[in-house]
Structures are given as C-alpha cells and as structure tokens.
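Asks: Right, I'll just put the structure down here and ask away after.
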Amino acid sequence: MEQLVGKLNDILWSQPIIYACLGIGLLFSILTRFLQVRHIKDMVKLMFQGKSSDAGVSSFQALSLALSGRVGTGNIAGTATAIAFGGPGAVFWMWTIAFIGASSAFIESTLAQIYKVKQDGQYRGGPAYYIEKGIGWKWYGTLFAIAALLAMSLLMPGIQSNSIALGLENAFSISPTITAIILVILLGVIIFGGVKRIATVAQYAVPFMALGYILLSLIIVAVNITELPSVLALIFKSAFALDSAFGGIVGLAISWGVKRGIYSNEAGQGTGPHAAAAAEVSHPAKQGLVQAFSVYIDTLLVCSATAFMILFTGMYNTQAADGTFIVNNLGDVAAGPAYTQAAIESVIPGFGAGFVAVALFFFAFTTIMAYYYIAETNIAYLTRGKSNKWPMIALKVVLLGATFYGAVKTADLAWALGDVGLGLMVWLNLVAILILAKPALVTLKDYEQQKKQGIDPVFDPVKLGIKNADYWVNEYEYQDDTPSSTKKNDQTFTS
C-alpha cells in the first residue's frame, strides 16, 4: 500500500507540477497586474461587507469557511516537515507560493462566483461547475468532482485526525481511539446540521484559533528578538543556496516549500472556490479578493508563526536527501508538531505540548468540516436533478469513517494519502483555470472600472460577454447594503 501511494506521489508531485504552480501563479499575478498588492485595502474592507441570506452566507462566513480548510495541520505539522526536509529555505518558498498564489486564488474563486448555481435552495459552485459551464467539458467537470470527492471524504481527513490524535496523546496521554470517537461525535453533530451550521462554527472558531496562535508566536519571537537578523538571513540564504550548510538541498527547499505551501494555503488547488461560491455578493470579484487575502492569512501569518517559533528557538532537525542530518538539534524526534511543541517549551516550560495539542485540535477539526462541505458540493454536482438523500448520508458515513481510521493509523501513510488526493485536484484545476482565465480577468476589469466611477460594483455578465453565468442572468437581484451616508450613486439591478 505504502509503495503504491509513494509511486503515485512521485508522479503527481514531480518537478513539472512544482514549477507549474509557481509559473501559473506568476502568470496570473502579471495578468492581474499584481492585484495581491494593488487591492489589499479592498480585500480587508470586503471581508466585513455583505450579509448572509437563505441561500448563501456572508463574505466573512465564506472567508471563515475557506480559512477553516486552509488553516489546518499543514500550518503546524506541514511547516515543520518543510523545514525538516527542505531546510529553513523552504519557508521562503512557502511565502513565495503564497504571494503569487493569491492571484490564483482570486481567479478560481471569482470563477466560482461567476458560474455558481442556486441548487436545493442554496448556492453551489466550484471547479466542477465552472469547468462544465465555462469550458463546456462536462466529462472533465465530472472527473474533477470524483477526484475532489475521493480526496475530501476519503484521503485527506486522516491527515487532520491523525495530527489531532498524536497531539492529544503526547500532551494529555489520551488514547487515539478515544480521540477518534470524540472527533466522530462532534463532527457528526456539525455536518448533519448543513452548511449554515458549518459556516457558523467556522466564523467563531477560525479567528479565535488563528489569533491565539499568532499571539503566542509573537511572544516567542519577542523573547528571542536578538535572533531576528540571523533567522531572516538563514531563510533567504538557504532558499538560494547561499548558505554552506543548506546549499546542497536548495532543490528540496523549493520542492518542499511549494508542496507544503500549496497544501496549506490551497491556492490553485480547487478547494477554496467551493466556499467562495456560497457567498452572497453583488460582484464575483468581491469574493475573489476576499479569498485571495485568505491565502495571506494562512501562509504569511499562521505558517510564518510556526516557522518563526521553530527557527528562532532552533528547535528543529533538517535531513539531506540521503537521510543524514544537516542539523540535529532535537535528536530522534519525528518531523511535525513536536518541533513546535519543543519551541514553545523552550520559552514557556510545561506549556508547549498542551497548547500545540489544543491548537491542532481547532486547526484540524475545522479543516475536516471544510472537507465535508467541499465533498458535499461535489456530490450535489454529480447528482443534479436526482434525489441525493442517500449519497449524502453515504458521504457522511465515509468521511466519519476516514476520520476515525486516520486517528489510529500511522502518520506517514496519512500524509502520503493526503498528498495523492491533493495532487489529483491540483493537476485538474490548474488546467481549468488556465483555460478560463479570460472571464475572471474581464470580471476584475469590470470591478475596477465601477470602483473608479464611485459605485458599488454590480455584475452583469451579458454586458461583459460572459456566457452561461445563468444565476446572474436569471435569478440575481441586487440589494444595496451600502450605508446611505456613504452612497455616491443610487443603483438597482435586476436580471
């Protein structure tokens, strides 16, 4: 089993896909004139605008739902693993893929809004929908939906539950079996409540866990502030083979940094668009910008928090490709949450193991919630026009089973299976967003033109020549939520 999974990963995560992710992100950055810099102010403002409706959620709820998927065990265990096998330079490449990946996140999330549908009383959208409606390849949309369904329900939940179980066992000596049972019960209560309950839990849990984690990292950095120049120098030198110790693994630094960066922030992966489509907004570019900012929150803030805690305290090991240690500060300690625990323990004795276990619980648990929502959306796509009661029940059972199994199996196999699921989705989605870049770019230009006119942007796909955006043509009704004191132009739009 492990050999088969390893061979699949060698194919899915070969050098071409690593450089394709970087190249496509850079291409979109150029085509959007680096919107990730130009529109930062709008990104922040738009997070807190918009209201939920019977069919959709608010921009902030959609952001929280997307972040619950982005901010997971990859932010703790994944960042530590990148440093363990790619050296400190991997952190720079995680930052790089986050910066240029923000443009990819904008493109895919904007497409999700353009081609979303109102199905079973709620908004649905994502790669499968925009592939079929935007490109016209129903077979390809079906292929993505099947890949996403397998990845989200069967292959990837185990990574999250495994990290939770290991953290709680290490910190509180709780049996993985007990942890698995608790996870299944809590998760079952939430996912049987539907997307509204998932979004509600996410909007409170995600900001709480992220802010607490970042705050602790700032304390660790402050205590070791004299290390700041040397740590930053080490990251940049290691990324470009300018450091004598890590110069021989610069290829691994790029590979691990990009792979773990994509796993963490999900830019271009095709997961974020599912949450983006659920948002109630007047223009697709609005939610595209919000989702682009979520990549920054995930990697530039949360992943950096982990990296700085580890590097500032020196609590890490790094191995060369042949298995020999370049750095061995922790002895025989497995790469993962233990690095972060050791970093916190070095500053606050007796606190590290427990804190990381709790952080992992929140990070990973909310990610499994997001996985369920993504899987549910793809079930909805595959069963359109048919009764999906039993497929939805089967999905819940499979995901809960995968969560339980992941909590009690070996970590190496859990990560390997997760990488297979992620790789399948990345390959399929990158091709789709390359083909569909034009509608997203036209939508961005329209948003910018309306902003220059001083009006709240409203989307009219007919005017822009975008076909098959059926929801916006047949069902959307514009509702102005802008306070009257700030309005510059009254407008209504009904299609």
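Chains: A, B, ... in order of the structure tokens. Residues: from 1 per chain. Ligands: from 1, in order shown.
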Which residues are close to Ala440 of chain A, i.e. within 12 Å by only C-alpha atoms, leaving aside same-chain residues fewer than 5 positions away? Reply as a JSON list (two decimals) with N, CA and C atoms, in the first residue's frame.

Replies:
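The resulting out.json:
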[["chain", "number", "residue", "atom", "x", "y", "z"],
["A", 28, "PHE", "N", -0.66, 34.65, -13.55],
["A", 28, "PHE", "CA", -1.86, 35.34, -13.11],
["A", 28, "PHE", "C", -1.53, 36.65, -12.38],
["A", 31, "LEU", "N", -0.91, 39.07, -15.21],
["A", 31, "LEU", "CA", -2.13, 39.40, -15.94],
["A", 31, "LEU", "C", -3.09, 40.26, -15.12],
["A", 32, "THR", "N", -3.07, 40.10, -13.80],
["A", 32, "THR", "CA", -3.93, 40.91, -12.93],
["A", 32, "THR", "C", -3.21, 42.16, -12.42],
["A", 103, "SER", "N", -3.03, 35.35, -6.44],
["A", 103, "SER", "CA", -3.67, 35.67, -7.73],
["A", 103, "SER", "C", -4.41, 34.45, -8.27],
["A", 104, "SER", "N", -3.84, 33.26, -8.08],
["A", 104, "SER", "CA", -4.53, 32.03, -8.50],
["A", 104, "SER", "C", -5.82, 31.85, -7.70],
["A", 105, "ALA", "N", -5.75, 32.15, -6.39],
["A", 105, "ALA", "CA", -6.93, 32.05, -5.53],
["A", 105, "ALA", "C", -8.01, 33.02, -6.00],
["A", 106, "PHE", "N", -7.60, 34.22, -6.42],
["A", 106, "PHE", "CA", -8.57, 35.19, -6.95],
["A", 106, "PHE", "C", -9.25, 34.64, -8.19],
["A", 107, "ILE", "N", -8.47, 34.13, -9.13],
["A", 107, "ILE", "CA", -9.02, 33.64, -10.39],
["A", 107, "ILE", "C", -10.03, 32.53, -10.13],
["A", 108, "GLU", "N", -9.65, 31.51, -9.36],
["A", 108, "GLU", "CA", -10.54, 30.36, -9.17],
["A", 108, "GLU", "C", -11.78, 30.72, -8.36],
["A", 109, "SER", "N", -11.63, 31.61, -7.38],
["A", 109, "SER", "CA", -12.78, 31.98, -6.55],
["A", 109, "SER", "C", -13.74, 32.90, -7.29],
["A", 110, "THR", "N", -13.20, 33.76, -8.15],
["A", 110, "THR", "CA", -14.05, 34.62, -8.98],
["A", 110, "THR", "C", -14.83, 33.78, -9.98],
["A", 111, "LEU", "N", -14.16, 32.79, -10.57],
["A", 111, "LEU", "CA", -14.85, 31.87, -11.48],
["A", 111, "LEU", "C", -15.97, 31.12, -10.78],
["A", 112, "ALA", "N", -15.73, 30.73, -9.53],
["A", 112, "ALA", "CA", -16.76, 30.02, -8.76],
["A", 112, "ALA", "C", -18.00, 30.88, -8.59],
["A", 113, "GLN", "N", -17.80, 32.18, -8.36],
["A", 113, "GLN", "CA", -18.93, 33.10, -8.23],
["A", 113, "GLN", "C", -19.63, 33.34, -9.56],
["A", 114, "ILE", "N", -18.85, 33.49, -10.62],
["A", 114, "ILE", "CA", -19.44, 33.74, -11.95],
["A", 114, "ILE", "C", -20.38, 32.60, -12.35],
["A", 115, "TYR", "N", -19.92, 31.38, -12.15],
["A", 115, "TYR", "CA", -20.65, 30.21, -12.66],
["A", 115, "TYR", "C", -21.40, 29.44, -11.56],
["A", 130, "TYR", "N", -17.60, 25.40, -12.75],
["A", 130, "TYR", "CA", -17.08, 26.34, -13.75],
["A", 130, "TYR", "C", -16.39, 25.63, -14.91],
["A", 134, "GLY", "N", -18.20, 26.95, -17.95],
["A", 134, "GLY", "CA", -17.27, 27.88, -18.59],
["A", 134, "GLY", "C", -16.56, 27.30, -19.80],
["A", 283, "HIS", "N", -20.96, 41.18, -6.79],
["A", 283, "HIS", "CA", -20.00, 41.09, -7.89],
["A", 283, "HIS", "C", -18.99, 39.99, -7.58],
["A", 284, "PRO", "N", -18.73, 39.08, -8.51],
["A", 284, "PRO", "CA", -17.82, 37.96, -8.25],
["A", 284, "PRO", "C", -16.42, 38.37, -7.79],
["A", 285, "ALA", "N", -15.92, 39.49, -8.30],
["A", 285, "ALA", "CA", -14.56, 39.92, -7.93],
["A", 285, "ALA", "C", -14.45, 40.23, -6.45],
["A", 286, "LYS", "N", -15.56, 40.62, -5.83],
["A", 286, "LYS", "CA", -15.53, 40.92, -4.40],
["A", 286, "LYS", "C", -15.08, 39.71, -3.60],
["A", 287, "GLN", "N", -15.72, 38.56, -3.85],
["A", 287, "GLN", "CA", -15.34, 37.38, -3.09],
["A", 287, "GLN", "C", -14.00, 36.83, -3.56],
["A", 288, "GLY", "N", -13.66, 37.06, -4.83],
["A", 288, "GLY", "CA", -12.34, 36.67, -5.30],
["A", 288, "GLY", "C", -11.24, 37.36, -4.53],
["A", 289, "LEU", "N", -11.42, 38.66, -4.25],
["A", 289, "LEU", "CA", -10.43, 39.42, -3.48],
["A", 289, "LEU", "C", -10.38, 38.95, -2.03],
["A", 433, "ILE", "N", -8.33, 26.49, -14.76],
["A", 433, "ILE", "CA", -8.26, 27.95, -14.55],
["A", 433, "ILE", "C", -7.37, 28.63, -15.58],
["A", 434, "LEU", "N", -6.44, 27.90, -16.16],
["A", 434, "LEU", "CA", -5.66, 28.45, -17.28],
["A", 434, "LEU", "C", -6.57, 28.72, -18.47],
["A", 435, "ILE", "N", -7.42, 27.76, -18.78],
["A", 435, "ILE", "CA", -8.34, 27.90, -19.91],
["A", 435, "ILE", "C", -9.36, 29.00, -19.65],
["A", 445, "LYS", "N", -11.56, 43.56, -14.36],
["A", 445, "LYS", "CA", -11.52, 44.87, -15.02],
["A", 445, "LYS", "C", -12.83, 45.61, -14.82],
["A", 446, "ASP", "N", -13.95, 44.89, -14.92],
["A", 446, "ASP", "CA", -15.26, 45.50, -14.72],
["A", 446, "ASP", "C", -15.40, 46.01, -13.29],
["A", 447, "TYR", "N", -14.94, 45.23, -12.34],
["A", 447, "TYR", "CA", -14.99, 45.65, -10.93],
["A", 447, "TYR", "C", -14.20, 46.94, -10.74],
["A", 459, "PHE", "N", -22.57, 42.99, -10.95],
["A", 459, "PHE", "CA", -22.13, 42.13, -12.05],
["A", 459, "PHE", "C", -23.23, 41.94, -13.09],
["A", 461, "PRO", "N", -23.12, 39.83, -16.50],
["A", 461, "PRO", "CA", -22.35, 39.00, -17.43],
["A", 461, "PRO", "C", -22.69, 39.22, -18.89],
["A", 464, "LEU", "N", -20.71, 41.97, -20.30],
["A", 464, "LEU", "CA", -19.29, 41.61, -20.41],
["A", 464, "LEU", "C", -19.05, 40.49, -21.43],
["A", 465, "GLY", "N", -20.11, 39.95, -22.00],
["A", 465, "GLY", "CA", -19.96, 38.89, -22.98],
["A", 465, "GLY", "C", -19.62, 37.54, -22.38],
["A", 466, "ILE", "N", -19.94, 37.35, -21.10],
["A", 466, "ILE", "CA", -19.68, 36.08, -20.43],
["A", 466, "ILE", "C", -20.93, 35.21, -20.52]]

Asks: Pick out the residues sitting within 9 Å of Gly423 of chain A, and hand them over as an NGL selection string; count only C-alpha atoms, and ignore anything fewer than 2 positions along from it in its own chain.

Replies: :A and (9 or 12-13 or 17 or 269 or 418-421 or 425-428)

Asks: Report as a list in words all protein, DNA and RNA residues lying within 12 Å of Asn170 of chain A, evaluated on only C-alpha atoms, omitting residues in the same chain fewer than 5 positions from it.

Replies: Ser163, Ile164, Ala165, Ser175, Pro176, Pro337, Ala338, Gln341, Ala342, Gly352, Ala353, Gly354, Phe355, Val356, Ala357 and Val358 of chain A

Asks: Please produce an output containing N, CA and C atoms for each residue in the selection, written as an mmCIF file, in the first residue's frame.

Replies:
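Contents of out03.cif, freshly written:
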data_model
loop_
_atom_site.group_PDB
_atom_site.id
_atom_site.type_symbol
_atom_site.label_atom_id
_atom_site.label_comp_id
_atom_site.auth_asym_id
_atom_site.auth_seq_id
_atom_site.Cartn_x
_atom_site.Cartn_y
_atom_site.Cartn_z
ATOM 1 N N SER A 163 -3.170 14.029 13.187
ATOM 2 C CA SER A 163 -2.418 15.071 13.904
ATOM 3 C C SER A 163 -3.081 15.413 15.232
ATOM 4 N N ILE A 164 -4.413 15.466 15.240
ATOM 5 C CA ILE A 164 -5.127 15.724 16.487
ATOM 6 C C ILE A 164 -4.828 14.618 17.502
ATOM 7 N N ALA A 165 -4.933 13.369 17.049
ATOM 8 C CA ALA A 165 -4.734 12.229 17.947
ATOM 9 C C ALA A 165 -3.316 12.192 18.511
ATOM 10 N N SER A 175 -5.793 8.236 24.636
ATOM 11 C CA SER A 175 -5.697 7.181 23.623
ATOM 12 C C SER A 175 -6.226 7.670 22.283
ATOM 13 N N PRO A 176 -5.539 7.377 21.158
ATOM 14 C CA PRO A 176 -6.037 7.752 19.832
ATOM 15 C C PRO A 176 -7.441 7.237 19.563
ATOM 16 N N PRO A 337 4.482 18.273 14.625
ATOM 17 C CA PRO A 337 4.089 19.122 15.750
ATOM 18 C C PRO A 337 5.109 19.153 16.883
ATOM 19 N N ALA A 338 5.909 18.090 17.014
ATOM 20 C CA ALA A 338 6.897 18.041 18.101
ATOM 21 C C ALA A 338 7.887 19.185 18.014
ATOM 22 N N GLN A 341 6.094 22.135 19.537
ATOM 23 C CA GLN A 341 5.983 21.904 20.975
ATOM 24 C C GLN A 341 7.307 22.185 21.677
ATOM 25 N N ALA A 342 8.410 21.713 21.107
ATOM 26 C CA ALA A 342 9.729 21.939 21.699
ATOM 27 C C ALA A 342 10.077 23.421 21.702
ATOM 28 N N GLY A 352 4.066 23.950 26.139
ATOM 29 C CA GLY A 352 4.134 23.695 24.711
ATOM 30 C C GLY A 352 3.276 22.553 24.226
ATOM 31 N N ALA A 353 3.409 21.394 24.859
ATOM 32 C CA ALA A 353 2.690 20.209 24.394
ATOM 33 C C ALA A 353 1.182 20.416 24.428
ATOM 34 N N GLY A 354 0.689 20.951 25.535
ATOM 35 C CA GLY A 354 -0.746 21.170 25.676
ATOM 36 C C GLY A 354 -1.275 22.193 24.706
ATOM 37 N N PHE A 355 -0.542 23.309 24.549
ATOM 38 C CA PHE A 355 -1.005 24.366 23.646
ATOM 39 C C PHE A 355 -1.063 23.884 22.214
ATOM 40 N N VAL A 356 -0.015 23.212 21.761
ATOM 41 C CA VAL A 356 0.012 22.721 20.380
ATOM 42 C C VAL A 356 -1.088 21.689 20.156
ATOM 43 N N ALA A 357 -1.344 20.847 21.158
ATOM 44 C CA ALA A 357 -2.415 19.853 21.034
ATOM 45 C C ALA A 357 -3.769 20.528 20.856
ATOM 46 N N VAL A 358 -4.018 21.569 21.634
ATOM 47 C CA VAL A 358 -5.290 22.292 21.531
ATOM 48 C C VAL A 358 -5.371 23.038 20.199
#

Asks: For segment 270-343 of chain A against segment 223-231 of chain A, with a cut-off of 12 Å and counting only C-alpha atoms, what is the closest atom pair and its distance in Å to one decimal for every residue that makes the cut, ordered by chain and number, as JSON lines?

Replies:
{"residue": "A:Ala307", "atom": "CA", "partner": "A:Val231", "partner_atom": "CA", "distance": 10.1}
{"residue": "A:Phe308", "atom": "CA", "partner": "A:Val231", "partner_atom": "CA", "distance": 8.2}
{"residue": "A:Met309", "atom": "CA", "partner": "A:Asn224", "partner_atom": "CA", "distance": 9.3}
{"residue": "A:Ile310", "atom": "CA", "partner": "A:Val231", "partner_atom": "CA", "distance": 10.3}
{"residue": "A:Leu311", "atom": "CA", "partner": "A:Val231", "partner_atom": "CA", "distance": 6.6}
{"residue": "A:Phe312", "atom": "CA", "partner": "A:Glu227", "partner_atom": "CA", "distance": 6.1}
{"residue": "A:Thr313", "atom": "CA", "partner": "A:Asn224", "partner_atom": "CA", "distance": 7.2}
{"residue": "A:Gly314", "atom": "CA", "partner": "A:Val231", "partner_atom": "CA", "distance": 9.4}
{"residue": "A:Ala343", "atom": "CA", "partner": "A:Asn224", "partner_atom": "CA", "distance": 11.0}
